[in-house]
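Asks: Right, I'll just put the structure down here and ask away after.
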Amino acid sequence: MKTFKPRLKARLRKNRQVLNKNIDNFFGWVKGAKLVELKECNTEEDPVRPELDNKFRTGYGRKIYGVEYQEEIHAVMCFAYTNKIPRSVDELEKLSTDAFLQSAMRDQSGGRIAIAYTVWSKKKGGGKLIVKEVFKKIKKSNHLNRLITLSPLTEMATKFHSNNGAKLIQINETTQNFEYKVM
């Protein structure tokens with residue numbers, strides 16, 4: 001019995017090392033990833049709003065960001081900058097254009113609220129990483145004071161944002177808005 005117990009402990013120790021190594025390899029790409037602004041994205045990959053073309057995504061007061069690792073994009077998030085919280089995609093377009101035109105007359109800073117209206121990931125951990133990276137970017141900006149989502153009314157969206165620390169602030173006819181605390 002005494003020889004069995006040390007062998008069992010050794011086997012458990014070895015399995016733990018293998019498991020830890022595999023987890024490090026699985027998320028290892030995250031350490032070298034960086035946030036980049038994109039001129040366009042493959043809209044067919046967007047599971048949330050594939051109907052929105054790149055012209056819309058890069059229109060007045062709107063941008064596309066991606067998480068890049070080894071020259072490949074692994075996650076994408078599209079934003080609009082507004083001064084009010086939109087309840088629909090149509091309203092998002094009007095509010096972001098309005099905020100852009102207002103800022104063109106003033107200081108070129110855009111709207112004060114960043115509205116994330118779509119996010120997707122091609123690799124495990126990418127969605128959470130892009131939220132974290134964009135969050136850092138917003139904290140550093142001088143003109144943005146809120147990070148709000150314009151999310152579909154789905155359980156997946158609710159779970160994703162709740163798990164990433166956002167608070168539900170309103171439910172609309174076809175969308176819902178979550179807010180991430182910017183401190």
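Identifiers in the structure tokens: chain A, B, ... in order shown; residue index from 1 per chain; ligand index from 1 in order shown.
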Considering only C-alpha atoms, return as a list of chain:residue names whatever protein or nucleic-acid residues lie within 9 Å of A:Thr154, sequence-local ones (same chain, fewer than 3 positions apart) excluded.

Replies: A:Ser151, A:Ala157, A:Thr158, A:Lys159, A:Thr175, A:Gln176

Asks: To test your reading of the structure, identify every residue in stretch 89-162 of chain A that backbone DSSP assigns to strand (DSSP E or B), and report it as a list of chain:residue names.

Replies: A:Ile113, A:Ala114, A:Ile115, A:Ala116, A:Tyr117, A:Thr118, A:Val119, A:Trp120, A:Ser121, A:Arg146, A:Leu147, A:Ile148, A:Thr149, A:Ser151, A:Pro152

Asks: Using only C-alpha atoms, which of the listed residues (A:Arg112, A:Lys5, A:Lys94, A:Lys136) sits closest to A:Lys34?

Replies: A:Lys136

Asks: Counting only C-alpha atoms, what is within 7 Å of A:Gly66, bar same-chain residues fewer than 2 positions away, as a PyMOL selection string?

Replies: chain A and resi 35-38+64+68+73+75-77

Asks: Set the distance at 8 Å and use only C-alpha atoms: which residues neighbour A:Gly61 once local chain neighbours fewer than 2 positions away are removed? I'd like the list as a list in words.

Replies: Thr58, Gly59, Lys63, Ala80, Tyr81, Thr82, Ser96, Thr97, Ala99, Phe100, Gly110 and Gly111 of chain A

Asks: Let me see the file: selected residues, C-alpha atoms, as a PDB file, in the first residue's frame.

Replies:
ATOM      1  CA  THR A  58     -16.785  53.230 -40.521  1.00  0.00           C
ATOM      2  CA  GLY A  59     -19.284  56.043 -41.136  1.00  0.00           C
ATOM      3  CA  LYS A  63     -14.992  52.678 -35.820  1.00  0.00           C
ATOM      4  CA  ALA A  80     -20.174  54.387 -32.396  1.00  0.00           C
ATOM      5  CA  TYR A  81     -19.498  57.569 -30.443  1.00  0.00           C
ATOM      6  CA  THR A  82     -22.626  59.411 -29.310  1.00  0.00           C
ATOM      7  CA  SER A  96     -23.310  59.019 -33.957  1.00  0.00           C
ATOM      8  CA  THR A  97     -23.585  61.201 -37.078  1.00  0.00           C
ATOM      9  CA  ALA A  99     -22.216  63.732 -32.344  1.00  0.00           C
ATOM     10  CA  PHE A 100     -19.587  63.633 -35.093  1.00  0.00           C
ATOM     11  CA  GLY A 110     -16.574  62.949 -31.131  1.00  0.00           C
ATOM     12  CA  GLY A 111     -19.325  61.835 -28.770  1.00  0.00           C
TER      13      GLY A 111
END
